[in-house]
>>> print(open('entry_38.txt').read())   # compact mmCIF, C-alpha atoms
# COMPACT_ATOMS: atom_id res chain seq x y z
CA GLY A 551 103.39 85.22 87.86
CA GLN A 552 102.66 87.33 90.89
CA ASN A 553 99.59 87.66 93.08
CA ILE A 554 99.42 91.18 94.47
CA ASP A 555 96.81 92.22 97.01
CA GLN A 556 96.05 95.66 98.36
CA PRO A 557 92.88 97.15 99.84
CA THR A 558 90.46 98.63 97.34
CA GLU A 559 89.68 101.80 99.23
CA MET A 560 90.73 103.67 102.35
CA THR A 561 89.63 106.93 103.92
CA ALA A 562 91.56 109.17 106.28
CA THR A 563 91.44 112.63 107.81
CA GLU A 564 93.59 115.55 106.76
CA GLY A 565 96.66 115.78 108.98
CA ALA A 566 96.50 112.13 110.01
CA ILE A 567 98.71 109.14 109.15
CA VAL A 568 97.61 106.29 106.89
CA GLN A 569 99.25 102.96 106.09
CA ILE A 570 98.47 101.18 102.82
CA ASN A 571 99.41 97.51 102.81
CA CYS A 572 100.46 95.32 99.91
CA THR A 573 101.04 91.59 100.00
CA TYR A 574 102.48 89.58 97.16
CA GLN A 575 103.55 86.14 96.08
CA THR A 576 106.39 85.76 93.64
CA SER A 577 109.11 83.23 92.90
CA GLY A 578 111.91 85.60 91.88
CA PHE A 579 111.44 88.87 93.75
CA ASN A 580 113.43 91.72 92.25
CA GLY A 581 111.99 94.87 93.74
CA LEU A 582 108.76 96.51 94.79
CA PHE A 583 107.47 99.90 93.63
CA TRP A 584 104.84 102.29 94.89
CA TYR A 585 103.20 104.75 92.50
CA GLN A 586 100.66 107.50 93.02
CA GLN A 587 97.99 108.02 90.39
CA HIS A 588 95.56 110.92 90.45
CA ALA A 589 92.33 110.49 88.53
CA GLY A 590 92.88 110.94 84.82
CA GLU A 591 96.64 111.12 85.13
CA ALA A 592 99.58 108.76 84.65
CA PRO A 593 101.23 107.01 87.62
CA THR A 594 104.08 108.89 89.25
CA PHE A 595 106.91 107.12 91.04
CA LEU A 596 106.97 107.29 94.84
CA SER A 597 109.37 104.65 96.11
CA TYR A 598 111.35 101.52 95.37
CA ASN A 599 112.35 98.80 97.85
CA VAL A 600 114.57 95.86 97.03
CA LEU A 601 116.04 95.16 100.49
CA ASP A 602 114.18 94.68 103.76
CA GLY A 603 113.51 97.73 105.85
CA LEU A 604 112.10 101.20 105.76
CA GLU A 605 112.80 103.82 103.11
CA GLU A 606 111.83 107.33 104.11
CA LYS A 607 111.27 110.18 101.70
CA GLY A 608 109.66 113.25 103.20
CA ARG A 609 106.06 112.57 104.22
CA PHE A 610 106.11 109.18 102.49
CA SER A 611 107.83 106.02 103.72
CA SER A 612 107.81 102.52 102.31
CA PHE A 613 108.59 99.29 104.14
CA LEU A 614 109.47 95.86 102.79
CA SER A 615 109.68 92.40 104.31
CA ARG A 616 110.73 89.91 101.65
CA SER A 617 110.30 86.88 103.92
CA LYS A 618 106.68 87.84 104.56
CA GLY A 619 105.91 89.04 101.03
CA TYR A 620 104.70 92.29 102.54
CA SER A 621 105.11 96.00 102.01
CA TYR A 622 103.39 99.11 103.21
CA LEU A 623 103.30 102.73 102.18
CA LEU A 624 103.03 105.18 105.06
CA LEU A 625 101.73 108.67 104.42
CA LYS A 626 102.13 111.23 107.20
CA GLU A 627 100.56 114.65 107.70
CA LEU A 628 97.94 113.88 105.11
CA GLN A 629 96.89 116.63 102.74
CA MET A 630 93.80 116.85 100.56
CA LYS A 631 96.02 116.53 97.48
CA ASP A 632 97.05 113.06 98.66
CA SER A 633 93.63 111.80 97.58
CA ALA A 634 94.61 109.44 94.78
CA SER A 635 95.08 105.80 93.87
CA TYR A 636 98.23 104.14 95.22
CA LEU A 637 99.63 101.31 93.14
CA CYS A 638 101.88 98.55 94.43
CA ALA A 639 103.99 96.84 91.74
CA VAL A 640 106.32 93.86 92.06
CA ARG A 641 109.12 92.99 89.67
CA ASP A 642 109.98 89.34 89.18
CA GLY A 643 113.31 88.45 87.64
CA THR A 644 112.47 84.82 86.94
CA GLY A 645 113.55 83.87 83.45
CA GLY A 646 115.05 87.29 82.89
CA SER A 647 111.63 88.90 82.53
CA TYR A 648 111.93 91.84 84.99
CA ILE A 649 108.48 93.11 84.06
CA PRO A 650 106.66 94.85 86.95
CA THR A 651 103.19 93.53 87.71
CA PHE A 652 100.76 95.99 89.25
CA GLY A 653 98.13 95.49 91.89
CA ARG A 654 94.68 96.96 91.31
CA GLY A 655 95.49 99.99 93.41
CA THR A 656 94.16 101.46 96.65
CA SER A 657 91.93 104.50 96.32
CA LEU A 658 92.69 106.87 99.20
CA ILE A 659 90.16 109.52 100.09
CA VAL A 660 91.36 112.29 102.39
CA HIS A 661 88.59 114.32 104.00
CA PRO A 662 88.80 117.50 106.07
CA GLY B 205 113.87 114.25 76.41
CA ALA B 206 113.20 115.05 80.04
CA GLY B 207 110.39 112.56 80.37
CA VAL B 208 108.49 109.87 78.52
CA SER B 209 106.50 111.49 75.75
CA GLN B 210 103.39 109.93 74.22
CA SER B 211 101.19 110.93 71.30
CA PRO B 212 98.41 111.45 70.61
CA SER B 213 97.14 112.46 74.05
CA ASN B 214 93.60 111.65 73.03
CA LYS B 215 92.22 109.68 70.13
CA VAL B 216 88.63 108.98 69.18
CA THR B 217 88.25 106.43 66.43
CA GLU B 218 85.48 104.48 64.79
CA LYS B 219 85.14 100.79 65.40
CA GLY B 220 87.07 98.84 62.80
CA LYS B 221 89.69 101.50 62.14
CA ASP B 222 93.41 101.07 62.84
CA VAL B 223 95.24 103.30 65.31
CA GLU B 224 98.89 103.99 66.01
CA LEU B 225 100.16 105.22 69.35
CA ARG B 226 103.63 106.61 69.72
CA CYS B 227 106.05 106.60 72.66
CA ASP B 228 109.33 108.46 72.94
CA PRO B 229 111.19 107.16 76.03
CA ILE B 230 113.60 109.02 78.25
CA SER B 231 116.88 109.45 76.40
CA GLY B 232 119.28 106.61 77.12
CA HIS B 233 116.66 104.27 78.57
CA THR B 234 117.07 100.81 77.14
CA ALA B 235 113.89 99.27 78.54
CA LEU B 236 110.44 100.28 77.29
CA TYR B 237 107.06 99.00 78.44
CA TRP B 238 103.48 99.34 77.22
CA TYR B 239 100.60 98.93 79.66
CA ARG B 240 96.85 99.33 79.24
CA GLN B 241 94.47 100.67 81.86
CA ARG B 242 90.73 100.43 81.37
CA LEU B 243 88.51 102.81 83.27
CA GLY B 244 88.60 101.99 86.97
CA GLN B 245 90.93 99.04 86.44
CA GLY B 246 94.54 98.24 87.19
CA LEU B 247 97.49 98.36 84.82
CA GLU B 248 97.64 95.48 82.38
CA PHE B 249 101.02 94.61 80.85
CA LEU B 250 101.11 94.48 77.06
CA ILE B 251 104.68 94.32 75.73
CA TYR B 252 108.28 94.96 76.81
CA PHE B 253 111.37 95.92 74.84
CA GLN B 254 114.90 95.61 76.23
CA GLY B 255 117.76 96.85 74.09
CA ASN B 256 118.24 94.68 71.03
CA SER B 257 116.66 91.59 72.58
CA ALA B 258 113.50 90.07 71.19
CA PRO B 259 110.49 91.82 72.76
CA ASP B 260 108.33 90.09 75.37
CA LYS B 261 104.90 90.10 73.72
CA SER B 262 103.25 87.85 76.28
CA GLY B 263 100.73 90.50 77.36
CA LEU B 264 99.28 91.38 73.96
CA PRO B 265 95.58 90.48 74.16
CA SER B 266 95.09 89.48 70.51
CA ASP B 267 96.80 89.46 67.13
CA ARG B 268 95.18 92.82 66.42
CA PHE B 269 97.81 94.33 68.69
CA SER B 270 101.43 94.80 67.63
CA ALA B 271 104.33 97.02 68.60
CA GLU B 272 107.66 98.01 67.17
CA ARG B 273 110.66 99.80 68.53
CA THR B 274 113.42 101.47 66.57
CA GLY B 275 116.69 100.65 68.30
CA GLU B 276 116.56 102.18 71.75
CA SER B 277 114.27 105.05 70.87
CA VAL B 278 110.72 105.50 69.65
CA SER B 279 108.11 102.77 69.94
CA THR B 280 104.78 102.47 68.14
CA LEU B 281 101.83 100.42 69.37
CA THR B 282 99.38 99.54 66.61
CA ILE B 283 95.84 98.32 67.14
CA GLN B 284 94.13 96.99 64.02
CA ARG B 285 90.37 96.79 63.49
CA THR B 286 89.67 98.50 66.81
CA GLN B 287 86.85 97.25 69.00
CA GLN B 288 84.97 99.08 71.74
CA GLU B 289 86.69 97.01 74.40
CA ASP B 290 90.00 98.53 73.24
CA SER B 291 88.90 101.84 74.79
CA ALA B 292 91.43 102.56 77.52
CA VAL B 293 94.46 104.65 78.33
CA TYR B 294 97.64 103.20 76.88
CA LEU B 295 100.61 103.96 79.08
CA CYS B 296 104.22 103.79 77.97
CA ALA B 297 107.05 103.61 80.48
CA SER B 298 110.82 103.41 80.27
CA SER B 299 113.74 102.59 82.54
CA ALA B 300 117.49 102.95 82.28
CA SER B 301 117.83 99.20 82.43
CA ARG B 302 115.55 96.29 83.22
CA ALA B 303 116.51 96.54 86.92
CA ASP B 304 115.87 100.27 87.34
CA THR B 305 112.85 102.35 88.26
CA ILE B 306 110.29 102.76 85.51
CA TYR B 307 108.81 106.13 84.63
CA PHE B 308 105.50 106.61 82.88
CA GLY B 309 104.37 108.94 80.15
CA GLU B 310 101.07 110.82 80.35
CA GLY B 311 99.31 108.16 78.34
CA SER B 312 97.25 108.03 75.16
CA TRP B 313 93.51 107.99 75.85
CA LEU B 314 91.78 105.90 73.22
CA THR B 315 88.03 105.90 72.73
CA VAL B 316 86.48 103.57 70.17
CA VAL B 317 82.97 104.57 69.13
>>> encode(input="entry_38.txt", output="structure tokens")
Amino acid sequence: GQNIDQPTEMTATEGAIVQINCTYQTSGFNGLFWYQQHAGEAPTFLSYNVLDGLEEKGRFSSFLSRSKGYSYLLLKELQMKDSASYLCAVRDGTGGSYIPTFGRGTSLIVHP
Amino acid sequence: GAGVSQSPSNKVTEKGKDVELRCDPISGHTALYWYRQRLGQGLEFLIYFQGNSAPDKSGLPSDRFSAERTGESVSTLTIQRTQQEDSAVYLCASSASRADTIYFGEGSWLTVV
């Protein structure tokens, strides 16, 4: 299985930049996902990394280092609506499973 | 359909009753997943269907839980003799294949009283 760690809670100021880290341990890495989940809603897809490097998509970027078992989600120009839980999920292809395992999520609070 | 569709959106049931939750995946998606999320907790894997292969049931918490899928379309998650600890949101997700991005439905919020 996987061991996925991410901070429980982070706070940041509107307009600022925040980086949410995720570390993982897995034997058959096959991709890492970031999802955003607002309270009472389903997770929505943000990004997917399978190769090392930075993927940029508007105000959100995601980075992956497979050798270090490390990823981060970078949110720029923070807005109040970015207050949500951010979920890191790792897919392991060992044994043909390919089932993503989710971390417990990082609750981000954006204040004025 | 355009997205993953789940029903019912909300369900309140008495302890001991059976419930059925339905998931209609994105058209053409061969992989379908069920997860459970208790209040304030992370997503807990329940069961996974991939095409015509035998489902991966390794996440089902007890024999009160079962799921079926008709071909590559609708799936039903059944919880028998519900208990209060079954109260949670049950999330269904699908992907085009096992190696693609997974997309979630809005979830079925189950409350057992």
>>> closest_atom_pairs(input="entry_38.txt", of="chain A", to="chain B", cutoff="7 Å", atoms="only C-alpha atoms", output="tab-separated table")
residue	atom	partner	partner_atom	distance
A:Glu591	CA	B:Glu310	CA	6.5
A:Ala592	CA	B:Glu310	CA	5.0
A:Pro593	CA	B:Phe308	CA	6.4
A:Thr594	CA	B:Phe308	CA	6.9
A:Phe595	CA	B:Tyr307	CA	6.8
A:Tyr648	CA	B:Arg302	CA	6.0
A:Phe652	CA	B:Leu247	CA	6.0
A:Gly653	CA	B:Gly246	CA	6.5
A:Arg654	CA	B:Gly246	CA	4.3
A:Gly655	CA	B:Gly246	CA	6.5
>>> write_last_selection(input="entry_38.txt", atoms="C-alpha atoms", output="JSON list (two decimals), keeping the file's coordinate frame")
[["chain", "number", "residue", "atom", "x", "y", "z"],
["A", 591, "GLU", "CA", 96.64, 111.12, 85.13],
["A", 592, "ALA", "CA", 99.58, 108.76, 84.65],
["A", 593, "PRO", "CA", 101.23, 107.01, 87.62],
["A", 594, "THR", "CA", 104.08, 108.89, 89.25],
["A", 595, "PHE", "CA", 106.91, 107.12, 91.04],
["A", 648, "TYR", "CA", 111.93, 91.84, 84.99],
["A", 652, "PHE", "CA", 100.76, 95.99, 89.25],
["A", 653, "GLY", "CA", 98.13, 95.49, 91.89],
["A", 654, "ARG", "CA", 94.68, 96.96, 91.31],
["A", 655, "GLY", "CA", 95.49, 99.99, 93.41]]
>>> atom_distance(input="entry_38.txt", atom1="CA of Leu314 in chain B", atom2="CA of Arg273 in chain B")
20.4 Å
>>> residues_around(input="entry_38.txt", residues="range 607-623 of chain A", least_positions_apart="5", cutoff="9 Å", atoms="only C-alpha atoms", output="count of residues only")
22
>>> atom_distance(input="entry_38.txt", atom1="CA of Glu606 in chain A", atom2="CA of Ala206 in chain B")
25.3 Å
>>> closest_residue(input="entry_38.txt", among="A:Leu625, A:Ile649, A:Met560, A:Val660", to="Tyr239 in chain B", atoms="only C-alpha atoms")
A:Ile649
>>> atom_distance(input="entry_38.txt", atom1="CA of Cys227 in chain B", atom2="CA of Glu289 in chain B")
21.7 Å
>>> residues_around(input="entry_38.txt", residues="Val316 in chain B", least_positions_apart="3", cutoff="8 Å", atoms="only C-alpha atoms", output="PyMOL selection string")
chain B and resi 216-219+286-291
>>> residues_around(input="entry_38.txt", residues="Glu564 in chain A", least_positions_apart="3", cutoff="8 Å", atoms="all atoms listed in the file", output="list of chain:residue names")
A:Glu627, A:Leu628, A:Gln629, A:Met630, A:Val660, A:His661, A:Pro662
>>> residues_around(input="entry_38.txt", residues="Pro650 in chain A", least_positions_apart="3", cutoff="7 Å", atoms="all atoms listed in the file", output="list in words")
Ala639, Val640, Arg641 and Asp642 of chain A
>>> closest_residue(input="entry_38.txt", among="A:Phe583, A:Glu559, A:Ser577, A:Gly565", to="Thr644 in chain A", atoms="only C-alpha atoms")
A:Ser577
>>> closest_residue(input="entry_38.txt", among="B:Gln284, B:Ser298, B:Thr274, B:Ser209", to="Asp222 in chain B", atoms="only C-alpha atoms")
B:Gln284
>>> decode(input="entry_38.txt", residues="range 606-619 of chain A", atoms="N, CA and C atoms", output="PDB file, in the first residue's frame")
ATOM      1  N   GLU A 606       1.935  23.302 -15.135  1.00  0.00           N
ATOM      2  CA  GLU A 606       1.280  24.566 -14.809  1.00  0.00           C
ATOM      3  C   GLU A 606      -0.068  24.658 -15.498  1.00  0.00           C
ATOM      4  N   LYS A 607      -1.050  25.119 -14.721  1.00  0.00           N
ATOM      5  CA  LYS A 607      -2.394  25.255 -15.268  1.00  0.00           C
ATOM      6  C   LYS A 607      -3.042  26.467 -14.612  1.00  0.00           C
ATOM      7  N   GLY A 608      -2.873  27.617 -15.251  1.00  0.00           N
ATOM      8  CA  GLY A 608      -3.431  28.853 -14.713  1.00  0.00           C
ATOM      9  C   GLY A 608      -2.788  29.226 -13.394  1.00  0.00           C
ATOM     10  N   ARG A 609      -3.594  29.455 -12.378  1.00  0.00           N
ATOM     11  CA  ARG A 609      -3.054  29.852 -11.062  1.00  0.00           C
ATOM     12  C   ARG A 609      -2.502  28.660 -10.283  1.00  0.00           C
ATOM     13  N   PHE A 610      -2.795  27.448 -10.770  1.00  0.00           N
ATOM     14  CA  PHE A 610      -2.364  26.253 -10.045  1.00  0.00           C
ATOM     15  C   PHE A 610      -1.214  25.569 -10.793  1.00  0.00           C
ATOM     16  N   SER A 611      -0.237  25.100 -10.046  1.00  0.00           N
ATOM     17  CA  SER A 611       0.855  24.309 -10.606  1.00  0.00           C
ATOM     18  C   SER A 611       1.077  23.113  -9.700  1.00  0.00           C
ATOM     19  N   SER A 612       1.531  22.014 -10.284  1.00  0.00           N
ATOM     20  CA  SER A 612       1.852  20.843  -9.479  1.00  0.00           C
ATOM     21  C   SER A 612       3.212  20.320  -9.904  1.00  0.00           C
ATOM     22  N   PHE A 613       3.986  19.925  -8.898  1.00  0.00           N
ATOM     23  CA  PHE A 613       5.352  19.451  -9.112  1.00  0.00           C
ATOM     24  C   PHE A 613       5.471  18.033  -8.604  1.00  0.00           C
ATOM     25  N   LEU A 614       6.316  17.251  -9.281  1.00  0.00           N
ATOM     26  CA  LEU A 614       6.555  15.866  -8.862  1.00  0.00           C
ATOM     27  C   LEU A 614       8.043  15.541  -8.929  1.00  0.00           C
ATOM     28  N   SER A 615       8.513  14.862  -7.879  1.00  0.00           N
ATOM     29  CA  SER A 615       9.830  14.235  -7.888  1.00  0.00           C
ATOM     30  C   SER A 615       9.635  12.786  -7.474  1.00  0.00           C
ATOM     31  N   ARG A 616       9.727  11.884  -8.428  1.00  0.00           N
ATOM     32  CA  ARG A 616       9.503  10.470  -8.130  1.00  0.00           C
ATOM     33  C   ARG A 616      10.612   9.884  -7.256  1.00  0.00           C
ATOM     34  N   SER A 617      11.839  10.338  -7.467  1.00  0.00           N
ATOM     35  CA  SER A 617      12.950   9.789  -6.685  1.00  0.00           C
ATOM     36  C   SER A 617      12.826  10.165  -5.213  1.00  0.00           C
ATOM     37  N   LYS A 618      12.213  11.305  -4.938  1.00  0.00           N
ATOM     38  CA  LYS A 618      12.060  11.760  -3.555  1.00  0.00           C
ATOM     39  C   LYS A 618      10.687  11.411  -2.982  1.00  0.00           C
ATOM     40  N   GLY A 619       9.801  10.879  -3.798  1.00  0.00           N
ATOM     41  CA  GLY A 619       8.451  10.585  -3.310  1.00  0.00           C
ATOM     42  C   GLY A 619       7.766  11.844  -2.827  1.00  0.00           C
TER      43      GLY A 619
END
